[in-house]
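Raw contents of upload_9.cif, mmCIF, C-alpha atoms and all ligand atoms:
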data_work
#
loop_
_atom_site.label_atom_id
_atom_site.label_comp_id
_atom_site.auth_asym_id
_atom_site.auth_seq_id
_atom_site.Cartn_x
_atom_site.Cartn_y
_atom_site.Cartn_z
CA MET Z 1 108.59 117.88 104.55
CA LYS Z 2 107.81 114.40 105.76
CA LYS Z 3 111.42 113.73 106.74
CA SER Z 4 111.47 116.83 108.91
CA ILE Z 5 108.29 115.72 110.65
CA TYR Z 6 109.87 112.34 111.34
CA LEU Z 7 112.98 114.04 112.69
CA LEU Z 8 110.90 116.22 114.98
CA LEU Z 9 108.84 113.26 116.22
CA SER Z 10 112.03 111.28 116.76
CA LEU Z 11 113.64 114.09 118.76
CA LEU Z 12 110.48 114.22 120.84
CA GLY Z 13 110.76 110.45 121.36
CA LEU Z 14 107.33 109.86 119.88
CA GLY Z 15 108.09 106.61 118.13
CA ALA Z 16 108.76 108.11 114.76
CA PRO Z 17 109.76 105.76 111.96
CA SER Z 18 113.38 104.91 111.26
CA LEU Z 19 115.58 107.75 110.08
CA GLN Z 20 117.44 105.21 107.96
CA ALA Z 21 114.91 105.53 105.17
CA ALA Z 22 116.22 104.79 101.69
CA THR Z 23 115.69 106.28 98.29
CA ILE Z 24 114.96 103.51 95.80
CA ASN Z 25 115.33 104.23 92.10
CA LYS Z 26 113.99 101.63 89.71
CA THR Z 27 113.33 101.63 85.99
CA TYR Z 28 110.85 99.27 84.42
CA CYS Z 29 110.47 98.33 80.77
CA VAL Z 30 107.62 96.62 78.93
CA GLY Z 31 107.91 93.44 76.92
CA SER Z 32 105.93 90.60 75.42
CA ILE Z 33 105.94 87.02 76.65
CA ASN Z 34 104.03 83.86 75.83
CA LYS Z 35 102.67 81.53 78.45
CA THR Z 36 101.30 78.04 77.93
CA LEU Z 37 98.13 77.72 79.98
CA SER Z 38 96.29 74.39 79.99
CA GLY Z 39 98.09 73.58 76.75
CA ALA Z 40 97.18 76.81 74.98
CA SER Z 41 99.63 79.59 74.13
CA VAL Z 42 98.55 83.01 75.36
CA THR Z 43 100.42 86.24 74.68
CA PHE Z 44 101.00 88.57 77.61
CA TRP Z 45 102.60 91.95 78.12
CA GLY Z 46 104.68 92.38 81.23
CA TYR Z 47 107.02 94.65 83.11
CA SER Z 48 110.70 93.99 83.69
CA ASP Z 49 113.25 95.64 85.94
CA CYS Z 50 115.57 97.03 83.30
CA GLY Z 51 117.80 99.08 85.58
CA GLY Z 52 119.19 101.96 83.61
CA GLY Z 53 117.35 100.72 80.52
CA MET Z 54 118.98 100.82 77.10
CA GLY Z 55 122.63 101.60 77.65
CA GLY Z 56 122.12 101.29 81.37
CA GLY Z 57 121.57 98.36 83.62
CA GLY Z 58 120.40 95.93 80.98
CA MET Z 59 117.07 95.18 79.41
CA GLY Z 60 115.64 92.49 81.68
CA SER Z 61 112.92 90.08 80.62
CA ALA Z 62 109.25 90.79 81.11
CA THR Z 63 107.43 88.56 83.55
CA VAL Z 64 103.81 88.11 84.65
CA PRO Z 65 103.43 89.20 87.37
CA GLY Z 66 106.17 91.81 87.11
CA PRO Z 67 109.03 92.02 89.61
CA VAL Z 68 108.24 92.15 93.32
CA LEU Z 69 109.38 95.50 94.67
CA GLU Z 70 110.20 95.77 98.38
CA ILE Z 71 110.43 99.21 99.95
CA GLY Z 72 110.46 100.51 103.50
CA ALA Z 73 107.86 102.69 105.16
CA GLY Z 74 109.40 106.15 105.04
CA ASP Z 75 111.47 105.37 101.94
CA THR Z 76 111.10 107.27 98.73
CA LEU Z 77 110.40 105.16 95.66
CA ASN Z 78 111.15 106.63 92.24
CA LEU Z 79 109.73 104.09 89.80
CA GLY Z 80 110.41 105.02 86.19
CA LEU Z 81 108.97 103.62 82.98
CA ASN Z 82 111.55 103.67 80.20
CA ILE Z 83 110.25 105.67 77.24
CA ASN Z 84 112.40 103.63 74.83
CA MET Z 85 111.12 100.24 75.93
CA MET Z 86 107.34 100.47 75.81
CA THR Z 87 106.30 97.98 73.17
CA PRO Z 88 104.07 96.17 72.54
CA GLN Z 89 101.33 98.73 72.88
CA GLU Z 90 98.01 99.65 71.30
CA THR Z 91 97.31 102.38 68.80
CA ALA Z 92 95.79 105.74 69.78
CA PRO Z 93 93.82 106.55 71.83
CA TYR Z 94 95.10 103.61 73.90
CA ASN Z 95 98.78 104.00 73.06
CA GLY Z 96 101.50 103.93 75.70
CA HIS Z 97 101.65 102.53 79.21
CA THR Z 98 101.83 103.83 82.77
CA ILE Z 99 102.52 102.48 86.25
CA HIS Z 100 99.66 103.08 88.66
CA LEU Z 101 100.57 102.53 92.31
CA HIS Z 102 97.26 101.06 93.42
CA GLY Z 103 96.21 102.08 96.90
CA ALA Z 104 99.19 104.38 97.40
CA ASP Z 105 98.63 107.87 98.76
CA VAL Z 106 100.19 109.92 95.99
CA GLN Z 107 99.40 113.16 94.23
CA SER Z 108 97.47 112.72 90.99
CA MET Z 109 100.62 113.62 89.02
CA GLU Z 110 102.22 110.41 90.37
CA ASP Z 111 99.14 108.25 89.94
CA GLY Z 112 99.71 106.87 86.44
CA VAL Z 113 96.11 107.43 85.41
CA PRO Z 114 96.22 109.09 81.98
CA GLU Z 115 92.69 110.49 82.28
CA THR Z 116 93.84 112.69 85.15
CA ASN Z 117 96.11 115.68 84.79
CA GLY Z 118 99.76 115.29 83.93
CA ASN Z 119 100.15 111.55 83.58
CA ALA Z 120 102.24 110.86 80.50
CA VAL Z 121 101.72 107.56 78.67
CA ASN Z 122 105.13 107.67 76.99
CA GLY Z 123 107.54 107.17 79.86
CA ASP Z 124 107.35 108.76 83.28
CA THR Z 125 108.65 108.40 86.83
CA TYR Z 126 106.25 107.75 89.67
CA THR Z 127 107.27 108.81 93.16
CA TRP Z 128 105.81 107.46 96.39
CA SER Z 129 106.89 107.83 100.01
CA PRO Z 130 104.70 105.45 102.02
CA LEU Z 131 104.15 106.59 105.58
CA ALA Z 132 104.80 104.53 108.68
CA GLY Z 133 101.53 102.74 109.33
CA HIS Z 134 101.02 102.10 105.64
CA GLU Z 135 103.02 98.86 105.60
CA GLY Z 136 101.48 96.01 103.67
CA SER Z 137 100.94 94.77 100.14
CA TYR Z 138 100.10 96.88 97.13
CA PRO Z 139 99.86 96.19 93.43
CA TYR Z 140 101.23 98.32 90.66
CA HIS Z 141 99.62 98.07 87.25
CA CYS Z 142 99.26 99.84 83.95
CA HIS Z 143 96.32 102.24 83.80
CA VAL Z 144 96.11 102.70 80.03
CA HIS Z 145 92.97 101.00 78.63
CA THR Z 146 92.99 99.11 81.90
CA VAL Z 147 90.40 96.52 80.88
CA LYS Z 148 92.92 95.27 78.30
CA HIS Z 149 96.34 96.08 79.79
CA LEU Z 150 95.64 94.62 83.23
CA GLU Z 151 94.41 91.44 81.55
CA MET Z 152 97.55 91.37 79.41
CA GLY Z 153 99.66 90.96 82.55
CA MET Z 154 100.84 94.47 83.32
CA TYR Z 155 100.80 94.13 87.10
CA GLY Z 156 103.09 93.28 89.99
CA ALA Z 157 103.54 93.59 93.75
CA ILE Z 158 104.99 96.31 95.94
CA ILE Z 159 105.58 95.21 99.53
CA VAL Z 160 105.96 98.05 102.03
CA ARG Z 161 108.01 96.72 104.95
CA PRO Z 162 109.04 98.09 108.33
CA ARG Z 163 112.71 98.90 108.88
CA ASP Z 164 114.68 98.71 112.11
CA ALA Z 165 116.70 101.62 113.53
CA THR Z 166 119.68 100.74 111.34
CA GLY Z 167 117.64 100.57 108.18
CA ASN Z 168 117.32 96.80 107.76
CA PHE Z 169 113.99 95.27 106.88
CA LEU Z 170 112.24 93.66 109.84
CA ASN Z 171 110.60 90.27 109.31
CA ARG Z 172 107.32 91.64 110.53
CA LEU Z 173 104.27 92.86 108.65
CA ASN Z 174 104.59 96.23 110.39
CA GLN Z 175 106.13 97.64 113.60
CA ASN Z 176 103.75 95.52 115.69
CA THR Z 177 105.92 92.73 117.18
CA ALA Z 178 102.91 90.36 117.03
CA THR Z 179 103.28 90.37 113.25
CA ALA Z 180 106.71 88.71 113.24
CA TYR Z 181 107.12 85.92 110.68
CA ASP Z 182 109.79 83.46 109.55
CA TYR Z 183 108.78 83.08 105.89
CA SER Z 184 106.68 85.08 103.52
CA GLN Z 185 105.05 84.46 100.18
CA VAL Z 186 103.42 86.85 97.75
CA TYR Z 187 100.24 85.53 96.14
CA VAL Z 188 99.31 87.73 93.19
CA LEU Z 189 95.87 86.51 92.08
CA SER Z 190 94.92 86.87 88.44
CA THR Z 191 92.57 85.47 85.82
CA VAL Z 192 92.84 85.14 82.05
CA ASP Z 193 90.18 85.52 79.36
CA PRO Z 194 92.17 84.72 76.21
CA ALA Z 195 89.64 86.58 74.04
CA TYR Z 196 90.78 89.80 75.72
CA HIS Z 197 94.36 89.09 74.67
CA THR Z 198 93.57 89.29 70.96
CA ALA Z 199 90.81 91.93 71.08
CA LYS Z 200 91.76 95.50 70.22
CA GLY Z 201 90.56 99.05 70.77
CA ASP Z 202 86.89 99.32 71.66
CA SER Z 203 86.02 95.74 70.71
CA THR Z 204 82.71 94.51 72.09
CA VAL Z 205 84.69 91.53 73.44
CA PHE Z 206 85.56 93.75 76.41
CA ALA Z 207 81.88 93.97 77.39
CA ASP Z 208 81.81 90.39 78.67
CA TYR Z 209 84.43 88.65 80.79
CA ASN Z 210 84.79 84.89 80.46
CA PRO Z 211 87.99 83.78 82.17
CA LYS Z 212 89.43 80.42 81.16
CA TYR Z 213 92.63 80.31 83.22
CA PHE Z 214 93.16 81.06 86.91
CA LEU Z 215 96.55 81.91 88.35
CA ILE Z 216 98.53 82.49 91.51
CA GLY Z 217 101.84 84.20 90.87
CA GLY Z 218 101.25 83.86 87.14
CA LYS Z 219 100.98 80.07 87.35
CA GLU Z 220 98.23 77.53 87.12
CA GLY Z 221 98.10 75.22 90.11
CA LYS Z 222 95.13 73.10 89.17
CA THR Z 223 95.77 70.29 91.62
CA ALA Z 224 97.34 69.95 95.05
CA SER Z 225 100.04 67.78 93.49
CA ALA Z 226 100.87 70.44 90.88
CA PRO Z 227 100.67 73.64 92.92
CA ALA Z 228 101.25 77.12 91.50
CA LEU Z 229 103.67 78.08 94.29
CA THR Z 230 105.51 76.05 96.88
CA LEU Z 231 107.19 76.96 100.15
CA ALA Z 232 109.65 74.81 102.05
CA ALA Z 233 109.25 75.91 105.66
CA ALA Z 234 109.94 74.34 109.08
CA LYS Z 235 107.50 73.15 111.69
CA SER Z 236 106.51 75.56 114.49
CA LYS Z 237 107.37 78.58 112.31
CA LYS Z 238 105.20 81.43 111.11
CA VAL Z 239 104.42 82.08 107.47
CA ALA Z 240 103.15 85.40 106.15
CA PHE Z 241 100.94 85.45 103.08
CA ARG Z 242 100.55 88.59 101.06
CA LEU Z 243 97.44 88.34 98.89
CA ILE Z 244 97.06 90.81 96.06
CA GLY Z 245 93.92 90.75 93.93
CA MET Z 246 94.71 91.52 90.30
CA HIS Z 247 92.00 89.15 89.12
CA SER Z 248 88.70 90.20 87.56
CA THR Z 249 86.48 87.78 89.48
CA ASN Z 250 85.59 87.04 93.08
CA SER Z 251 87.87 84.80 95.10
CA THR Z 252 88.21 83.15 98.50
CA PHE Z 253 91.51 82.24 100.21
CA GLN Z 254 91.79 79.29 102.58
CA ILE Z 255 94.47 77.01 104.00
CA LYS Z 256 93.75 73.29 104.29
CA ASP Z 257 95.72 70.20 105.23
CA SER Z 258 95.87 67.13 103.02
CA ALA Z 259 92.75 65.72 104.70
CA GLY Z 260 90.82 68.87 103.85
CA ASN Z 261 90.76 70.29 107.38
CA ILE Z 262 90.65 74.08 107.44
CA LYS Z 263 93.59 75.83 109.14
CA PRO Z 264 92.86 79.25 110.61
CA PHE Z 265 95.13 82.23 110.03
CA THR Z 266 95.39 85.72 111.50
CA LEU Z 267 94.64 88.75 109.36
CA TYR Z 268 96.61 91.85 110.41
CA ILE Z 269 96.52 94.22 107.45
CA ARG Z 270 93.81 94.87 104.89
CA ASP Z 271 94.44 97.10 101.88
CA GLY Z 272 97.62 98.60 103.34
CA ARG Z 273 96.19 99.52 106.74
CA ALA Z 274 96.50 97.59 110.01
CA LEU Z 275 93.22 96.30 111.43
CA PRO Z 276 92.36 97.82 114.82
CA THR Z 277 92.23 94.24 116.12
CA ALA Z 278 93.75 91.25 114.37
CA LYS Z 279 91.19 88.71 113.18
CA VAL Z 280 91.46 84.92 113.24
CA LEU Z 281 89.74 83.60 110.13
CA ASN Z 282 89.03 80.34 108.34
CA SER Z 283 88.61 82.03 104.97
CA LEU Z 284 88.97 85.44 103.42
CA ASP Z 285 87.39 86.90 100.30
CA ILE Z 286 89.65 88.91 98.01
CA SER Z 287 87.89 91.06 95.43
CA PRO Z 288 89.61 92.77 92.49
CA GLY Z 289 92.11 95.34 93.75
CA GLN Z 290 91.97 94.16 97.36
CA ARG Z 291 94.96 93.02 99.41
CA ALA Z 292 95.50 91.19 102.67
CA ASP Z 293 98.54 90.49 104.84
CA LEU Z 294 98.09 87.52 107.15
CA ILE Z 295 100.10 85.02 109.14
CA VAL Z 296 99.61 81.32 109.75
CA SER Z 297 101.38 79.42 112.53
CA LEU Z 298 102.67 76.02 111.52
CA PRO Z 299 102.15 73.10 113.92
CA THR Z 300 104.83 71.43 116.03
CA THR Z 301 104.78 68.36 113.79
CA THR Z 302 105.88 68.06 110.19
CA GLY Z 303 103.33 68.03 107.42
CA THR Z 304 101.94 69.59 104.26
CA TRP Z 305 99.32 72.31 104.00
CA TYR Z 306 97.69 73.77 100.93
CA PRO Z 307 96.99 77.49 100.78
CA GLN Z 308 94.40 77.80 98.03
CA VAL Z 309 92.28 80.29 96.16
CA THR Z 310 88.80 79.49 94.88
CA TYR Z 311 87.94 81.75 91.98
CA LYS Z 312 84.23 82.54 91.72
CA LYS Z 313 81.91 84.15 89.21
CA LEU Z 314 81.06 87.78 89.86
CA ARG Z 315 77.43 87.16 88.89
CA ASP Z 316 76.51 84.42 91.36
CA ASN Z 317 79.69 83.43 93.25
CA SER Z 318 79.61 79.93 91.76
CA PRO Z 319 83.13 78.49 91.63
CA TYR Z 320 85.24 78.51 88.48
CA ALA Z 321 88.30 76.71 89.81
CA ILE Z 322 90.57 76.17 92.78
CA VAL Z 323 94.23 77.14 92.45
CA TYR Z 324 96.59 75.48 94.91
CA GLY Z 325 99.73 76.51 96.68
CA LYS Z 326 101.73 74.16 98.89
CA MET Z 327 103.69 74.45 102.13
CA THR Z 328 105.87 71.64 103.44
CA PHE Z 329 107.29 71.75 106.94
CU CU Q 1 99.75 99.33 79.46
#
Any chance you could give the structure as structure tokens?
Ligand SMILES: [Cu+2]
Amino acid sequence: MKKSIYLLLSLLGLGAPSLQAATINKTYCVGSINKTLSGASVTFWGYSDCGGGMGGGGMGSATVPGPVLEIGAGDTLNLGLNINMMTPQETAPYNGHTIHLHGADVQSMEDGVPETNGNAVNGDTYTWSPLAGHEGSYPYHCHVHTVKHLEMGMYGAIIVRPRDATGNFLNRLNQNTATAYDYSQVYVLSTVDPAYHTAKGDSTVFADYNPKYFLIGGKEGKTASAPALTLAAAKSKKVAFRLIGMHSTNSTFQIKDSAGNIKPFTLYIRDGRALPTAKVLNSLDISPGQRADLIVSLPTTTGTWYPQVTYKKLRDNSPYAIVYGKMTF
């Protein structure tokens, strides 16, 4: 249906999206991994891209966050969860896993929320065809006993990108030429309360969240000299940041130079929708589930800047910790 609308709009010359849309078939598996955070070992559950799964394209290794998935506006994504590779998991009624495409316009059958009709927890395929105009950053995450499974690391990023007329990805946030960039980085924000990792079922532990570790891209970056993520860029270029809130606290994103001076950036897309007017900002709050796609212009001289996230308590916004990224140019 959608394709025929695009075709009609294209024939009418109404700026319809590319007809070179792709069908992307992916299969994810679930696995266990251990991370050492501030010297402590914490067990996580994560997704992996396991291709055809057992007997297919290999098993893959689970990561936290899971694989970054890039798709085009107008594409069709068929994201499967392999029924044979779904451990570890909890016992009933919290058994199984799903993939919820957070913020995606899908029918409830494709939503990965087991409490709603037709969402199997024992292997399923989730289909999404993002429309033109819905470019931006989205998370996927498990929606079984979400308070536990999200905390365990069952999340990752889906980046919806614009394609050109021949089907190649454009290095822009969307079809707006003002959103062109030279580099991009995905910042998946997350927090870790280790007590949640060992608690089971309806434990009262889940009634109170006390995060101990704070991550960008699954890594601690507790100081500017030991950043979570680094980017080697070039002066005078543009860098896109894709912020995805999978944390369970408040947070604020900023970019500073080594002297602590704030560097403004331009916000173009919030939660998968272009702003009516781009906003130049010195800081941006990202709450759980929120996303932002923004661009910063690097200066004409070489240097080092530190994109950083301050994690804050939900109760009173007092800071827990700053997690640093790093850009050299
Ligand atoms: Cu799960």
Contacts of ligand CU 1 (chain Q), 7 Å or closer, all atoms listed in the file, given as an mmCIF file with C-alpha atoms, in the coordinates of the input:
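Contents of selection-v6.cif, as written:
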data_model
loop_
_atom_site.group_PDB
_atom_site.id
_atom_site.type_symbol
_atom_site.label_atom_id
_atom_site.label_comp_id
_atom_site.auth_asym_id
_atom_site.auth_seq_id
_atom_site.Cartn_x
_atom_site.Cartn_y
_atom_site.Cartn_z
ATOM 1 C CA GLN Z 89 101.330 98.730 72.880
ATOM 2 C CA GLY Z 96 101.500 103.930 75.700
ATOM 3 C CA HIS Z 97 101.650 102.530 79.210
ATOM 4 C CA THR Z 98 101.830 103.830 82.770
ATOM 5 C CA CYS Z 142 99.260 99.840 83.950
ATOM 6 C CA HIS Z 143 96.320 102.240 83.800
ATOM 7 C CA VAL Z 144 96.110 102.700 80.030
ATOM 8 C CA HIS Z 149 96.340 96.080 79.790
ATOM 9 C CA MET Z 154 100.840 94.470 83.320
#
Selection: 7 Å around Leu69 of chain Z, only C-alpha atoms, excl. self and same-chain fewer than 2 positions, as a JSON list (two decimals) with C-alpha atoms, in the frame of the given file:
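Wrote selection-v5.json, looks like this:
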[["chain", "number", "residue", "atom", "x", "y", "z"],
["Z", 67, "PRO", "CA", 109.03, 92.02, 89.61],
["Z", 71, "ILE", "CA", 110.43, 99.21, 99.95],
["Z", 157, "ALA", "CA", 103.54, 93.59, 93.75],
["Z", 158, "ILE", "CA", 104.99, 96.31, 95.94],
["Z", 159, "ILE", "CA", 105.58, 95.21, 99.53]]
Can you list every residue of segment 196-250 of chain Z that has an atom at most 10 Å from segment 256-268 of chain Z, with its nearest atom pair and the distance in Å to one decimal, using all atoms listed in the file, ordered by chain then number, as JSON lines?
{"residue": "Z:Ala224", "atom": "CA", "partner": "Z:Ser258", "partner_atom": "CA", "distance": 8.6}
{"residue": "Z:Val239", "atom": "CA", "partner": "Z:Phe265", "partner_atom": "CA", "distance": 9.6}
{"residue": "Z:Ala240", "atom": "CA", "partner": "Z:Thr266", "partner_atom": "CA", "distance": 9.4}
{"residue": "Z:Phe241", "atom": "CA", "partner": "Z:Leu267", "partner_atom": "CA", "distance": 9.5}
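Atom to atom, atom CA of Asn119 of chain Z and atom CA of Leu101 of chain Z stand 12.6 Å apart.
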What's around Ser41 of chain Z at 12 Å? Count all atoms listed in the file, leave out sequence neighbours fewer than 3 positions away in its own chain, and write the answer as a ChimeraX atom specification.
/Z:33-38,44,192,194,197-198,213
Here is a test: counting all atoms listed in the file, which residue of Z:Ser297, Z:Ser48, Z:Thr91, Z:Asn250 is nearest to Ala233 of chain Z?
Z:Ser297
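The two atoms in question, atom CA of Gln254 of chain Z and atom CA of Tyr155 of chain Z, are spaced 23.3 Å apart.
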One decimal place gives the atom CA of Gly245 of chain Z-atom CA of Asn82 of chain Z separation as 25.8 Å
Excluding Ala274 of chain Z and its own-chain neighbours fewer than 2 positions away, which residues fall within 10 Å of it when counting all atoms listed in the file? Please give them as a PyMOL selection string.
chain Z and resi 133-136+173-174+176+267-272+276-278+292-293
Write out as a PDB file with C-alpha atoms, in the coordinates of the input the residues lying within 9 Å of Ala21 of chain Z, counting all atoms listed in the file and excluding same-chain residues fewer than 4 positions away.
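Output saved as out.pdb:
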ATOM      1  CA  PRO Z  17     109.760 105.760 111.960  1.00  0.00           C
ATOM      2  CA  GLY Z  72     110.460 100.510 103.500  1.00  0.00           C
ATOM      3  CA  ALA Z  73     107.860 102.690 105.160  1.00  0.00           C
ATOM      4  CA  GLY Z  74     109.400 106.150 105.040  1.00  0.00           C
ATOM      5  CA  ASP Z  75     111.470 105.370 101.940  1.00  0.00           C
ATOM      6  CA  THR Z  76     111.100 107.270  98.730  1.00  0.00           C
ATOM      7  CA  ARG Z 163     112.710  98.900 108.880  1.00  0.00           C
ATOM      8  CA  GLY Z 167     117.640 100.570 108.180  1.00  0.00           C
TER       9      GLY Z 167
END
Which of these residues is nearest to Pro93 of chain Z, using all atoms listed in the file: Z:Pro114, Z:Ser129, Z:Tyr28, Z:Ser251?
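Looking only at the distances to Pro93 of chain Z, the closest residue turns out to be Z:Pro114.
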Would you list the contacts of Ser61 of chain Z as a ChimeraX atom specification, taking every protein, DNA or RNA residue within 12 Å and counting only C-alpha atoms, but skipping same-chain residues closer than 3 positions in sequence?
/Z:28-34,45-51,53,58,64-67,85
